[in-house]
Amino acid sequence: MGLTIGVDIGGTKIAAGVVDEEGNILSTFKVPTPTTPEAIVDAIASAVEGARAGHDIVGVGIGAAGYVNRQRSTVYFAPNIEWRNEPLKEKVEARVGLPVVVENDANAAAWGEYKFGAGKGHRNVICITLGTGLGGGIIIGNKLRRGHFGVAAEFGHIKMVPDGLLCGCGSQGCWEQYASGRALVRYAKQRANATPENAQVLLDLGDGTPAGIEGKHVSMAARQGCPVAVDSYRELARWVGAGLADLASLFDPSAFIVGGGLSDEGELVLEPIRKSYKRWLVGGNWRPVAEVLAAQLGNKAGLVGAADLAREPDPIM
């Protein structure tokens, strides 16, 4: 199929990269992320044109945070950009003169990991991204499952606690309120406030108060054995594992791939997730247990996955 370009729309920059059929990034081009919807379309086109210089490109895949229709053309809703029923495919195609597909960014990252990262060799995998929030993707039978309307795998908004914590989506008790980077910091602040004598290492990394604790401080303190930081990771893992056990009951994958910023902590977060997952898994002592693997592509997964999905046939056909 030739070379394609993947586009990753971030909060501060838009990155476009030329990707070959083996998942190798041959060149990249980055531009700042503007603040208005129309300016973002212009920036995407600029990034694509910058990346394609000197390459023969057959298509473009765009990873967008939000609800994307099954036809891979329109963003129904984006939480961080004022896109509402935005015909993104049509607009970018008009600017760059190439076939364009639009994918949910977590789906794109999941596909990248499945095809070129931790999921290689698996037919059925579930990916979750643990970052500021919680996203994911479903690959069953070697196919990305988007759902009838295209908006499947919004795992972060599974209701884990009836009438629980208020979520940014407007609902309550969503999984990402208990299993995400934000949740980890909240756990650490609560514990440091309750037992400051057990949080001295953690507090010293910030401004000396629970309010000054940041995610990076929790990671650093946990690696130094700080009781509050370690316990905060355990609480995070408890909720992640419980959610994975529910997903196992639904999809029965051979592996879960854990990506996002928190996965960079490796076994500090993965080992307690594995223990929690098996604890909550129904019949866990008597059934095959899916592997829980760390993502391998890091922040390249979305770009690589979006580029490769530009080669995939239209899922409606």
# chains A, B, ... in the order shown; residues from 1 in each chain; ligands from 1
call {"tool": "select_by_dssp", "arguments": {"residues": "stretch 234-312 of chain A", "states": "strand (DSSP E or B)", "output": "PyMOL selection string"}}
result
chain A and resi 255-259+291-294
call {"tool": "residues_around", "arguments": {"residues": "stretch 301-304 of chain A", "least_positions_apart": "5", "cutoff": "7 Å", "atoms": "only C-alpha atoms", "output": "mmCIF file with all heavy atoms, in the first residue's frame"}}
result
data_model
loop_
_atom_site.group_PDB
_atom_site.id
_atom_site.type_symbol
_atom_site.label_atom_id
_atom_site.label_comp_id
_atom_site.auth_asym_id
_atom_site.auth_seq_id
_atom_site.Cartn_x
_atom_site.Cartn_y
_atom_site.Cartn_z
ATOM 1 N N GLY A 6 0.579 9.577 9.588
ATOM 2 C CA GLY A 6 -0.250 9.582 10.786
ATOM 3 C C GLY A 6 -0.180 10.945 11.440
ATOM 4 O O GLY A 6 0.878 11.581 11.462
ATOM 5 N N VAL A 7 -1.311 11.400 11.958
ATOM 6 C CA VAL A 7 -1.386 12.711 12.615
ATOM 7 C C VAL A 7 -1.868 12.516 14.042
ATOM 8 O O VAL A 7 -2.906 11.881 14.275
ATOM 9 C CB VAL A 7 -2.332 13.672 11.873
ATOM 10 C CG1 VAL A 7 -2.418 15.011 12.603
ATOM 11 C CG2 VAL A 7 -1.863 13.876 10.433
ATOM 12 N N ASP A 8 -1.125 13.053 14.978
ATOM 13 C CA ASP A 8 -1.467 12.988 16.401
ATOM 14 C C ASP A 8 -1.764 14.409 16.872
ATOM 15 O O ASP A 8 -0.875 15.266 16.856
ATOM 16 C CB ASP A 8 -0.312 12.380 17.192
ATOM 17 C CG ASP A 8 -0.616 12.261 18.678
ATOM 18 O OD1 ASP A 8 -1.799 12.180 19.038
ATOM 19 O OD2 ASP A 8 0.344 12.249 19.479
ATOM 20 N N GLY A 17 3.635 12.255 10.915
ATOM 21 C CA GLY A 17 4.793 11.426 10.624
ATOM 22 C C GLY A 17 4.541 10.501 9.461
ATOM 23 O O GLY A 17 3.443 9.949 9.321
ATOM 24 N N VAL A 19 4.978 7.012 7.820
ATOM 25 C CA VAL A 19 5.134 5.683 8.409
ATOM 26 C C VAL A 19 5.089 4.636 7.295
ATOM 27 O O VAL A 19 4.207 4.672 6.430
ATOM 28 C CB VAL A 19 4.029 5.397 9.448
ATOM 29 C CG1 VAL A 19 4.201 4.022 10.069
ATOM 30 C CG2 VAL A 19 4.025 6.481 10.527
ATOM 31 N N GLY A 23 5.712 -0.095 10.271
ATOM 32 C CA GLY A 23 5.517 0.740 11.444
ATOM 33 C C GLY A 23 6.676 1.656 11.771
ATOM 34 O O GLY A 23 6.696 2.267 12.846
ATOM 35 N N GLY A 63 -5.603 10.852 14.249
ATOM 36 C CA GLY A 63 -6.090 10.424 15.554
ATOM 37 C C GLY A 63 -6.673 11.603 16.298
ATOM 38 O O GLY A 63 -5.962 12.566 16.600
ATOM 39 N N ASP A 105 -8.404 8.658 18.843
ATOM 40 C CA ASP A 105 -6.966 8.574 19.138
ATOM 41 C C ASP A 105 -6.599 7.344 19.967
ATOM 42 O O ASP A 105 -5.543 6.731 19.749
ATOM 43 C CB ASP A 105 -6.464 9.852 19.813
ATOM 44 C CG ASP A 105 -7.147 10.154 21.141
ATOM 45 O OD1 ASP A 105 -8.233 9.589 21.423
ATOM 46 O OD2 ASP A 105 -6.614 10.976 21.901
ATOM 47 N N ALA A 108 -6.553 4.421 17.657
ATOM 48 C CA ALA A 108 -5.338 4.452 16.846
ATOM 49 C C ALA A 108 -4.147 3.929 17.638
ATOM 50 O O ALA A 108 -3.335 3.139 17.128
ATOM 51 C CB ALA A 108 -5.070 5.870 16.345
ATOM 52 N N ALA A 109 -4.025 4.354 18.890
ATOM 53 C CA ALA A 109 -2.918 3.884 19.726
ATOM 54 C C ALA A 109 -3.029 2.383 19.981
ATOM 55 O O ALA A 109 -2.022 1.663 19.964
ATOM 56 C CB ALA A 109 -2.897 4.649 21.047
ATOM 57 N N GLY A 112 -1.870 0.582 16.907
ATOM 58 C CA GLY A 112 -0.420 0.635 16.790
ATOM 59 C C GLY A 112 0.256 -0.385 17.681
ATOM 60 O O GLY A 112 1.193 -1.090 17.251
ATOM 61 N N GLU A 113 -0.213 -0.513 18.924
ATOM 62 C CA GLU A 113 0.365 -1.494 19.846
ATOM 63 C C GLU A 113 0.072 -2.926 19.402
ATOM 64 O O GLU A 113 0.923 -3.802 19.496
ATOM 65 C CB GLU A 113 -0.160 -1.265 21.264
ATOM 66 C CG GLU A 113 0.468 -0.103 21.988
ATOM 67 C CD GLU A 113 1.933 -0.334 22.317
ATOM 68 O OE1 GLU A 113 2.398 -1.495 22.313
ATOM 69 O OE2 GLU A 113 2.627 0.664 22.568
#
call {"tool": "atom_distance", "arguments": {"atom1": "atom CA of A:Val75", "atom2": "atom CA of A:Thr36"}}
result
15.1 Å
call {"tool": "residues_around", "arguments": {"residues": "A:Ala192", "least_positions_apart": "4", "cutoff": "9 Å", "atoms": "only C-alpha atoms", "output": "mmCIF file with C-alpha atoms, in the first residue's frame"}}
result
data_model
loop_
_atom_site.group_PDB
_atom_site.id
_atom_site.type_symbol
_atom_site.label_atom_id
_atom_site.label_comp_id
_atom_site.auth_asym_id
_atom_site.auth_seq_id
_atom_site.Cartn_x
_atom_site.Cartn_y
_atom_site.Cartn_z
ATOM 1 C CA TYR A 187 -5.194 9.386 46.407
ATOM 2 C CA ALA A 188 -1.754 10.720 47.288
ATOM 3 C CA PRO A 196 1.731 13.351 56.857
ATOM 4 C CA GLU A 197 4.250 11.424 58.950
ATOM 5 C CA ASN A 198 4.113 8.652 56.320
ATOM 6 C CA ALA A 199 4.455 11.070 53.408
ATOM 7 C CA GLN A 200 7.582 13.051 54.219
ATOM 8 C CA LEU A 202 6.491 12.774 48.936
ATOM 9 C CA LEU A 203 5.878 16.149 50.578
ATOM 10 C CA THR A 209 2.007 20.531 51.491
ATOM 11 C CA PRO A 210 -0.450 17.919 50.196
ATOM 12 C CA VAL A 228 1.862 6.971 51.098
ATOM 13 C CA ALA A 229 3.072 6.957 47.483
#
call {"tool": "atom_distance", "arguments": {"atom1": "atom CA of A:Arg274", "atom2": "atom CA of A:Val201"}}
result
26.7 Å
call {"tool": "closest_residue", "arguments": {"among": "A:Tyr67, A:Val18, A:Val269, A:Leu88", "to": "A:His55", "atoms": "only C-alpha atoms"}}
result
A:Val18
call {"tool": "closest_residue", "arguments": {"among": "A:Ala78, A:Ile140, A:Val92, A:Val101", "to": "A:Gly61", "atoms": "only C-alpha atoms"}}
result
A:Val101
call {"tool": "closest_residue", "arguments": {"among": "A:Glu90, A:Asp231, A:Glu21, A:Glu267", "to": "A:Ser73", "atoms": "only C-alpha atoms"}}
result
A:Glu90
call {"tool": "closest_residue", "arguments": {"among": "A:Lys143, A:Val96, A:Thr12, A:Gly241", "to": "A:Ser46", "atoms": "only C-alpha atoms"}}
result
A:Val96
